[in-house]
Each structure stands twice: as structure tokens, then as C-alpha cells.
$ cat model37.txt   # compact mmCIF, N, CA, C and O atoms
# COMPACT_ATOMS: atom_id res chain seq x y z
N MET A 1 111.45 96.18 68.22
CA MET A 1 111.23 95.57 69.53
C MET A 1 110.55 94.22 69.33
O MET A 1 109.65 94.08 68.51
N HIS A 2 110.98 93.26 70.08
CA HIS A 2 110.41 91.92 70.06
C HIS A 2 108.98 91.97 70.63
O HIS A 2 108.70 92.77 71.53
N PRO A 3 108.06 91.16 70.11
CA PRO A 3 106.69 91.17 70.66
C PRO A 3 106.64 90.95 72.17
O PRO A 3 105.84 91.57 72.87
N MET A 4 107.50 90.09 72.70
CA MET A 4 107.53 89.88 74.16
C MET A 4 108.03 91.14 74.86
O MET A 4 107.58 91.45 75.96
N GLY A 5 108.92 91.87 74.22
CA GLY A 5 109.38 93.15 74.77
C GLY A 5 108.25 94.16 74.83
O GLY A 5 108.14 94.93 75.79
N ARG A 6 107.39 94.15 73.80
CA ARG A 6 106.23 95.05 73.80
C ARG A 6 105.25 94.67 74.91
O ARG A 6 104.71 95.55 75.59
N VAL A 7 105.03 93.38 75.09
CA VAL A 7 104.14 92.93 76.17
C VAL A 7 104.70 93.38 77.52
O VAL A 7 103.97 93.90 78.36
N PHE A 8 106.01 93.20 77.72
CA PHE A 8 106.62 93.63 78.97
C PHE A 8 106.44 95.13 79.17
O PHE A 8 106.09 95.57 80.27
N ALA A 9 106.65 95.92 78.12
CA ALA A 9 106.52 97.38 78.23
C ALA A 9 105.10 97.79 78.61
O ALA A 9 104.90 98.66 79.47
N VAL A 10 104.11 97.17 77.99
CA VAL A 10 102.70 97.50 78.28
C VAL A 10 102.35 97.10 79.71
O VAL A 10 101.72 97.87 80.44
N VAL A 11 102.77 95.92 80.12
CA VAL A 11 102.45 95.45 81.48
C VAL A 11 103.18 96.31 82.52
O VAL A 11 102.61 96.63 83.57
N ALA A 12 104.42 96.72 82.24
CA ALA A 12 105.15 97.60 83.16
C ALA A 12 104.43 98.94 83.31
O ALA A 12 104.32 99.48 84.42
N LEU A 13 103.93 99.48 82.21
CA LEU A 13 103.17 100.73 82.25
C LEU A 13 101.89 100.55 83.06
O LEU A 13 101.56 101.40 83.91
N PHE A 14 101.17 99.47 82.82
CA PHE A 14 99.92 99.23 83.54
C PHE A 14 100.17 99.02 85.03
O PHE A 14 99.43 99.53 85.87
N GLU A 15 101.25 98.31 85.38
CA GLU A 15 101.58 98.09 86.78
C GLU A 15 101.86 99.43 87.46
O GLU A 15 101.39 99.69 88.57
N ALA A 16 102.58 100.32 86.79
CA ALA A 16 102.87 101.65 87.35
C ALA A 16 101.59 102.48 87.47
O ALA A 16 101.38 103.18 88.47
N PHE A 17 100.72 102.40 86.48
CA PHE A 17 99.45 103.13 86.51
C PHE A 17 98.60 102.70 87.70
O PHE A 17 98.04 103.53 88.42
N THR A 18 98.53 101.38 87.93
CA THR A 18 97.73 100.91 89.06
C THR A 18 98.37 101.27 90.39
O THR A 18 97.67 101.53 91.37
N TRP A 19 99.70 101.32 90.44
CA TRP A 19 100.39 101.78 91.65
C TRP A 19 100.00 103.22 91.94
O TRP A 19 99.70 103.59 93.08
N ALA A 20 100.04 104.06 90.90
CA ALA A 20 99.69 105.47 91.07
C ALA A 20 98.24 105.61 91.55
O ALA A 20 97.95 106.40 92.45
N GLY A 21 97.34 104.84 90.97
CA GLY A 21 95.95 104.88 91.40
C GLY A 21 95.79 104.46 92.85
O GLY A 21 95.03 105.07 93.61
N LEU A 22 96.52 103.44 93.25
CA LEU A 22 96.45 102.98 94.63
C LEU A 22 97.02 104.04 95.59
O LEU A 22 96.46 104.29 96.66
N LEU A 23 98.10 104.69 95.20
CA LEU A 23 98.68 105.74 96.05
C LEU A 23 97.72 106.92 96.22
O LEU A 23 97.55 107.43 97.33
N VAL A 24 97.08 107.32 95.13
CA VAL A 24 96.09 108.41 95.22
C VAL A 24 94.93 107.96 96.10
O VAL A 24 94.44 108.71 96.95
N GLY A 25 94.47 106.72 95.89
CA GLY A 25 93.38 106.19 96.71
C GLY A 25 93.72 106.16 98.19
O GLY A 25 92.90 106.51 99.03
N MET A 26 94.95 105.76 98.51
CA MET A 26 95.36 105.73 99.93
C MET A 26 95.45 107.14 100.50
O MET A 26 95.09 107.38 101.65
N TYR A 27 95.92 108.08 99.69
CA TYR A 27 95.98 109.47 100.16
C TYR A 27 94.57 109.98 100.49
O TYR A 27 94.35 110.57 101.54
N LEU A 28 93.64 109.73 99.58
CA LEU A 28 92.26 110.18 99.81
C LEU A 28 91.61 109.46 100.99
O LEU A 28 90.78 110.04 101.69
N LYS A 29 91.98 108.23 101.20
CA LYS A 29 91.40 107.48 102.30
C LYS A 29 91.92 107.97 103.66
O LYS A 29 91.16 108.09 104.61
N TYR A 30 93.20 108.27 103.73
CA TYR A 30 93.80 108.58 105.03
C TYR A 30 94.07 110.06 105.28
O TYR A 30 94.34 110.44 106.41
N HIS A 31 93.97 110.91 104.24
CA HIS A 31 94.31 112.32 104.44
C HIS A 31 93.21 113.31 104.04
O HIS A 31 93.39 114.50 104.22
N ALA A 32 92.15 112.83 103.47
CA ALA A 32 91.05 113.73 103.10
C ALA A 32 90.23 114.06 104.35
O ALA A 32 90.20 113.30 105.31
N ALA A 33 89.58 115.22 104.32
CA ALA A 33 88.73 115.62 105.46
C ALA A 33 87.67 114.56 105.71
O ALA A 33 87.41 114.18 106.85
N GLU A 34 87.04 114.10 104.65
CA GLU A 34 86.10 112.99 104.71
C GLU A 34 86.76 111.82 103.97
O GLU A 34 87.01 111.91 102.78
N PRO A 35 87.08 110.74 104.66
CA PRO A 35 87.75 109.62 104.00
C PRO A 35 86.97 109.09 102.80
O PRO A 35 85.77 108.86 102.87
N ILE A 36 87.68 108.95 101.69
CA ILE A 36 87.10 108.41 100.45
C ILE A 36 87.78 107.07 100.21
O ILE A 36 88.97 107.02 99.93
N THR A 37 87.04 105.99 100.32
CA THR A 37 87.63 104.66 100.24
C THR A 37 87.51 104.01 98.85
O THR A 37 88.06 102.95 98.63
N ALA A 38 86.80 104.65 97.95
CA ALA A 38 86.56 104.04 96.63
C ALA A 38 87.85 103.78 95.86
O ALA A 38 87.97 102.77 95.16
N GLY A 39 88.83 104.68 95.98
CA GLY A 39 90.09 104.51 95.24
C GLY A 39 90.83 103.26 95.66
O GLY A 39 91.32 102.50 94.82
N VAL A 40 90.90 103.02 96.96
CA VAL A 40 91.58 101.83 97.46
C VAL A 40 90.76 100.59 97.10
O VAL A 40 91.33 99.56 96.71
N ALA A 41 89.45 100.69 97.22
CA ALA A 41 88.59 99.55 96.88
C ALA A 41 88.74 99.17 95.41
O ALA A 41 88.69 97.98 95.06
N LEU A 42 88.93 100.15 94.54
CA LEU A 42 89.09 99.88 93.11
C LEU A 42 90.51 99.47 92.77
O LEU A 42 90.75 98.42 92.17
N PHE A 43 91.49 100.31 93.14
CA PHE A 43 92.86 100.08 92.70
C PHE A 43 93.60 99.02 93.51
O PHE A 43 94.60 98.47 93.03
N GLY A 44 93.16 98.71 94.71
CA GLY A 44 93.81 97.66 95.49
C GLY A 44 93.81 96.32 94.77
O GLY A 44 94.87 95.77 94.47
N PRO A 45 92.63 95.79 94.46
CA PRO A 45 92.60 94.50 93.75
C PRO A 45 93.17 94.57 92.33
O PRO A 45 93.84 93.64 91.89
N VAL A 46 92.93 95.69 91.64
CA VAL A 46 93.46 95.83 90.27
C VAL A 46 94.98 95.82 90.31
O VAL A 46 95.64 95.17 89.48
N HIS A 47 95.56 96.53 91.27
CA HIS A 47 97.02 96.54 91.37
C HIS A 47 97.55 95.16 91.78
O HIS A 47 98.62 94.75 91.29
N GLY A 48 96.83 94.46 92.64
CA GLY A 48 97.26 93.12 93.00
C GLY A 48 97.36 92.20 91.79
O GLY A 48 98.35 91.48 91.62
N VAL A 49 96.36 92.25 90.93
CA VAL A 49 96.38 91.46 89.70
C VAL A 49 97.49 91.95 88.77
O VAL A 49 98.23 91.15 88.20
N ALA A 50 97.63 93.28 88.63
CA ALA A 50 98.67 93.84 87.77
C ALA A 50 100.06 93.40 88.24
O ALA A 50 100.93 93.07 87.43
N PHE A 51 100.27 93.39 89.54
CA PHE A 51 101.55 92.97 90.10
C PHE A 51 101.83 91.51 89.74
O PHE A 51 102.94 91.17 89.30
N MET A 52 100.84 90.64 89.92
CA MET A 52 101.05 89.22 89.60
C MET A 52 101.29 89.01 88.11
O MET A 52 102.15 88.21 87.72
N VAL A 53 100.55 89.73 87.27
CA VAL A 53 100.75 89.62 85.82
C VAL A 53 102.16 90.12 85.47
O VAL A 53 102.86 89.50 84.65
N TYR A 54 102.59 91.21 86.08
CA TYR A 54 103.93 91.74 85.83
C TYR A 54 105.00 90.71 86.18
O TYR A 54 105.96 90.52 85.42
N VAL A 55 104.85 90.03 87.30
CA VAL A 55 105.84 89.01 87.70
C VAL A 55 105.89 87.89 86.67
O VAL A 55 106.98 87.48 86.24
N VAL A 56 104.73 87.40 86.25
CA VAL A 56 104.69 86.31 85.26
C VAL A 56 105.29 86.77 83.93
O VAL A 56 106.12 86.07 83.33
N VAL A 57 104.90 87.95 83.46
CA VAL A 57 105.42 88.46 82.19
C VAL A 57 106.92 88.72 82.28
O VAL A 57 107.65 88.47 81.32
N THR A 58 107.40 89.18 83.42
CA THR A 58 108.83 89.41 83.59
C THR A 58 109.61 88.10 83.47
O THR A 58 110.64 88.04 82.79
N VAL A 59 109.12 87.05 84.11
CA VAL A 59 109.80 85.75 84.01
C VAL A 59 109.78 85.24 82.57
O VAL A 59 110.80 84.78 82.04
N LEU A 60 108.63 85.35 81.91
CA LEU A 60 108.53 84.91 80.52
C LEU A 60 109.45 85.72 79.61
O LEU A 60 110.12 85.17 78.74
N ALA A 61 109.49 87.04 79.81
CA ALA A 61 110.36 87.90 79.00
C ALA A 61 111.83 87.58 79.25
O ALA A 61 112.64 87.54 78.31
N ALA A 62 112.18 87.34 80.51
CA ALA A 62 113.57 87.02 80.85
C ALA A 62 114.03 85.75 80.13
O ALA A 62 115.15 85.68 79.62
N VAL A 63 113.14 84.76 80.06
CA VAL A 63 113.49 83.51 79.38
C VAL A 63 113.51 83.71 77.87
O VAL A 63 114.47 83.35 77.19
N LYS A 64 112.44 84.29 77.34
CA LYS A 64 112.30 84.44 75.88
C LYS A 64 113.37 85.37 75.29
O LYS A 64 113.91 85.10 74.22
N LEU A 65 113.67 86.45 76.00
CA LEU A 65 114.63 87.44 75.48
C LEU A 65 116.05 87.20 76.00
O LEU A 65 116.94 88.00 75.73
N ARG A 66 116.22 86.14 76.77
CA ARG A 66 117.53 85.73 77.27
C ARG A 66 118.23 86.83 78.06
O ARG A 66 119.39 87.17 77.83
N TRP A 67 117.49 87.38 79.01
CA TRP A 67 118.08 88.42 79.86
C TRP A 67 119.14 87.81 80.75
O TRP A 67 119.01 86.67 81.20
N PRO A 68 120.19 88.58 81.07
CA PRO A 68 121.12 88.11 82.09
C PRO A 68 120.40 88.05 83.45
O PRO A 68 119.38 88.71 83.66
N TRP A 69 120.96 87.29 84.37
CA TRP A 69 120.31 87.09 85.68
C TRP A 69 120.06 88.41 86.39
O TRP A 69 119.03 88.58 87.03
N TRP A 70 121.00 89.36 86.28
CA TRP A 70 120.85 90.63 86.99
C TRP A 70 119.66 91.43 86.45
O TRP A 70 118.99 92.12 87.21
N ALA A 71 119.41 91.34 85.14
CA ALA A 71 118.28 92.08 84.55
C ALA A 71 116.95 91.49 85.01
O ALA A 71 116.02 92.23 85.33
N ALA A 72 116.87 90.16 85.04
CA ALA A 72 115.64 89.52 85.51
C ALA A 72 115.37 89.86 86.97
O ALA A 72 114.25 90.21 87.34
N GLY A 73 116.40 89.79 87.79
CA GLY A 73 116.25 90.13 89.21
C GLY A 73 115.85 91.58 89.42
O GLY A 73 114.98 91.89 90.24
N LEU A 74 116.49 92.47 88.68
CA LEU A 74 116.18 93.89 88.78
C LEU A 74 114.74 94.17 88.35
O LEU A 74 114.03 94.96 88.98
N ALA A 75 114.30 93.52 87.28
CA ALA A 75 112.93 93.71 86.80
C ALA A 75 111.91 93.23 87.84
O ALA A 75 110.88 93.88 88.04
N LEU A 76 112.21 92.12 88.50
CA LEU A 76 111.30 91.63 89.53
C LEU A 76 111.28 92.57 90.74
O LEU A 76 110.22 92.88 91.28
N LEU A 77 112.43 93.06 91.14
CA LEU A 77 112.50 94.00 92.27
C LEU A 77 111.82 95.33 91.96
O LEU A 77 111.32 96.00 92.85
N ALA A 78 111.80 95.72 90.69
CA ALA A 78 111.23 97.01 90.29
C ALA A 78 109.73 97.11 90.57
O ALA A 78 109.19 98.22 90.66
N ALA A 79 109.07 95.99 90.72
CA ALA A 79 107.62 96.01 90.97
C ALA A 79 107.29 96.35 92.41
O ALA A 79 106.14 96.68 92.71
N VAL A 80 108.27 96.29 93.30
CA VAL A 80 107.97 96.50 94.72
C VAL A 80 107.83 97.98 95.08
O VAL A 80 106.80 98.38 95.61
N PRO A 81 108.83 98.83 94.79
CA PRO A 81 108.63 100.26 95.09
C PRO A 81 107.69 100.90 94.05
O PRO A 81 107.67 100.49 92.89
N PRO A 82 106.93 101.89 94.45
CA PRO A 82 105.98 102.50 93.52
C PRO A 82 106.64 103.13 92.30
O PRO A 82 107.66 103.82 92.40
N LEU A 83 106.07 102.85 91.14
CA LEU A 83 106.37 103.49 89.86
C LEU A 83 107.76 103.20 89.29
O LEU A 83 108.16 103.81 88.31
N VAL A 84 108.50 102.26 89.84
CA VAL A 84 109.86 101.99 89.36
C VAL A 84 109.85 101.19 88.06
O VAL A 84 110.83 101.22 87.31
N THR A 85 108.75 100.52 87.73
CA THR A 85 108.71 99.77 86.48
C THR A 85 108.79 100.70 85.27
O THR A 85 109.25 100.28 84.21
N LEU A 86 108.36 101.95 85.42
CA LEU A 86 108.43 102.90 84.29
C LEU A 86 109.86 103.23 83.88
O LEU A 86 110.22 103.04 82.71
N PRO A 87 110.70 103.75 84.78
CA PRO A 87 112.06 104.02 84.35
C PRO A 87 112.84 102.76 83.98
O PRO A 87 113.67 102.78 83.08
N LEU A 88 112.53 101.64 84.64
CA LEU A 88 113.21 100.39 84.30
C LEU A 88 112.90 99.98 82.87
O LEU A 88 113.80 99.60 82.12
N GLU A 89 111.64 100.08 82.48
CA GLU A 89 111.25 99.71 81.11
C GLU A 89 111.98 100.59 80.09
O GLU A 89 112.47 100.10 79.08
N GLY A 90 112.06 101.89 80.36
CA GLY A 90 112.78 102.78 79.45
C GLY A 90 114.26 102.44 79.36
O GLY A 90 114.86 102.45 78.28
N TRP A 91 114.86 102.13 80.49
CA TRP A 91 116.27 101.76 80.52
C TRP A 91 116.51 100.45 79.78
O TRP A 91 117.46 100.32 79.00
N PHE A 92 115.62 99.46 80.00
CA PHE A 92 115.74 98.19 79.28
C PHE A 92 115.61 98.41 77.78
O PHE A 92 116.30 97.78 76.99
N LYS A 93 114.70 99.30 77.38
CA LYS A 93 114.51 99.58 75.95
C LYS A 93 115.79 100.18 75.37
O LYS A 93 116.24 99.77 74.30
N ARG A 94 116.38 101.15 76.07
CA ARG A 94 117.62 101.78 75.59
C ARG A 94 118.78 100.79 75.52
O ARG A 94 119.63 100.89 74.64
N ARG A 95 118.83 99.85 76.44
CA ARG A 95 119.91 98.84 76.47
C ARG A 95 119.68 97.71 75.47
O ARG A 95 120.53 96.85 75.31
N GLY A 96 118.50 97.67 74.83
CA GLY A 96 118.20 96.62 73.87
C GLY A 96 117.69 95.33 74.50
O GLY A 96 117.60 94.31 73.81
N LEU A 97 117.33 95.37 75.77
CA LEU A 97 116.86 94.16 76.44
C LEU A 97 115.44 93.77 76.05
O LEU A 97 115.00 92.67 76.38
N LEU A 98 114.72 94.65 75.36
CA LEU A 98 113.36 94.33 74.94
C LEU A 98 113.33 93.87 73.49
O LEU A 98 112.26 93.67 72.91
N SER A 99 114.50 93.71 72.90
CA SER A 99 114.63 93.21 71.54
C SER A 99 115.20 91.80 71.59
O SER A 99 115.70 91.36 72.62
N THR A 100 115.19 91.12 70.47
CA THR A 100 115.77 89.79 70.41
C THR A 100 117.26 89.90 70.62
O THR A 100 117.93 90.68 69.96
N ARG A 101 117.76 89.14 71.57
CA ARG A 101 119.19 89.17 71.87
C ARG A 101 119.92 88.15 71.00
O ARG A 101 119.48 87.03 70.83
N LEU A 102 121.05 88.57 70.48
CA LEU A 102 121.88 87.67 69.68
C LEU A 102 122.83 86.92 70.60
O LEU A 102 123.38 87.48 71.54
N THR A 103 123.03 85.65 70.31
CA THR A 103 123.98 84.87 71.09
C THR A 103 125.23 84.63 70.27
O THR A 103 125.22 84.81 69.04
N SER A 104 126.28 84.20 70.89
CA SER A 104 127.55 84.00 70.18
C SER A 104 127.47 82.85 69.18
O SER A 104 128.24 82.79 68.25
N ASP A 105 126.54 81.92 69.36
CA ASP A 105 126.43 80.80 68.43
C ASP A 105 125.42 81.05 67.31
O ASP A 105 125.14 80.17 66.54
N SER A 106 124.86 82.27 67.18
CA SER A 106 123.91 82.52 66.11
C SER A 106 124.58 83.10 64.90
O SER A 106 125.60 83.64 64.90
$ encode --input "model37.txt" --output "C-alpha cells"
Amino acid sequence: MHPMGRVFAVVALFEAFTWAGLLVGMYLKYHAAEPITAGVALFGPVHGVAFMVYVVVTVLAAVKLRWPWWAAGLALLAAVPPLVTLPLEGWFKRRGLLSTRLTSDS
């Protein structure tokens, strides 16, 4: 795996982890007998930063690894619904998109 592919995989995992933390925090805030707001207070800002880092790393990976346009677009869209960056990262790994791509002129 290319080093940029590894960075993308780690950031995708972290983005999904913070999404999960935020979802648990929102559940506890809105559905617990006594509202617990600490989860949202912690994971809200952390997930916001993770989301922005994921977007930047996705663009950098798309350029560095020469992803086709559809892969870059799909990777950016994957950050919106909860936890979709995890299966996307696995699929990209299986397709070889996290490795150095060979071009026809190499």
C-alpha cells in the first residue's frame, strides 16, 4: 500500500470512529432518562475536525494516487452518511486504489 493510501485508511477509520461517538452521544442526549450531553460536547467538535481532515486527505490521495473522478467523488460523498468511510476504504483497498497506480506511459 502506498503511504498516502495508508494515511487515507487511517483517516477514514478515525472519521468513522468519531461518527460513531457522535451518534452514541446524540442517543444519550436525546433518549436517555436523564440527558447526558458530554458525548455530543466531546465528539461534535472532534468529528467536525475529522470530517475536514478526511476531505483534505481524500483530495490529496485522489491526486497523488491518480484516482478516477468517480472514485474521488465517491470518497468525498462517503463522509456524509454515518460510518460509510469504513466499507469504502475496504473496497478501495481491494480494488487497488490505495496503492500506486500504473499509467499507460510508465
$ closest_residue --input "model37.txt" --among "A:Leu60, A:Met26, A:Ala16, A:Val53" --to "Met4 (chain A)" --atoms "all atoms listed in the file"
A:Leu60
$ closest_residue --input "model37.txt" --among "A:Met1, A:Ala9, A:Val24, A:Ala62" --to "Gly39 (chain A)" --atoms "all atoms listed in the file"
A:Val24
$ atom_distance --input "model37.txt" --atom1 "CA of Val80 (chain A)" --atom2 "CA of Ala38 (chain A)"
22.8 Å
$ closest_residue --input "model37.txt" --among "A:Leu23, A:Leu76, A:Leu98, A:Val63" --to "Phe43 (chain A)" --atoms "only N, CA, C and O atoms"
A:Leu23
$ residues_around --input "model37.txt" --residues "Thr58 (chain A)" --least-positions-apart "3" --cutoff "8 Å" --atoms "only C-alpha atoms" --output "list in words"
Phe8, Tyr54, Val55, Ala61, Ala62, Ala72, Ala75 and Leu76 of chain A
$ atom_distance --input "model37.txt" --atom1 "atom N of Leu28 (chain A)" --atom2 "atom O of Val40 (chain A)"
10.8 Å
$ closest_residue --input "model37.txt" --among "A:Val46, A:Ala71, A:Leu77, A:Leu97" --to "Glu15 (chain A)" --atoms "only N, CA, C and O atoms"
A:Val46
$ atom_distance --input "model37.txt" --atom1 "CA of Arg95 (chain A)" --atom2 "CA of Trp69 (chain A)"
14.9 Å
$ closest_residue --input "model37.txt" --among "A:Ala41, A:Ala50, A:Leu65, A:Ile36" --to "Ser99 (chain A)" --atoms "only C-alpha atoms"
A:Leu65
$ closest_residue --input "model37.txt" --among "A:Gly73, A:Trp91, A:Leu83, A:Gly25" --to "Thr37 (chain A)" --atoms "only N, CA, C and O atoms"
A:Gly25
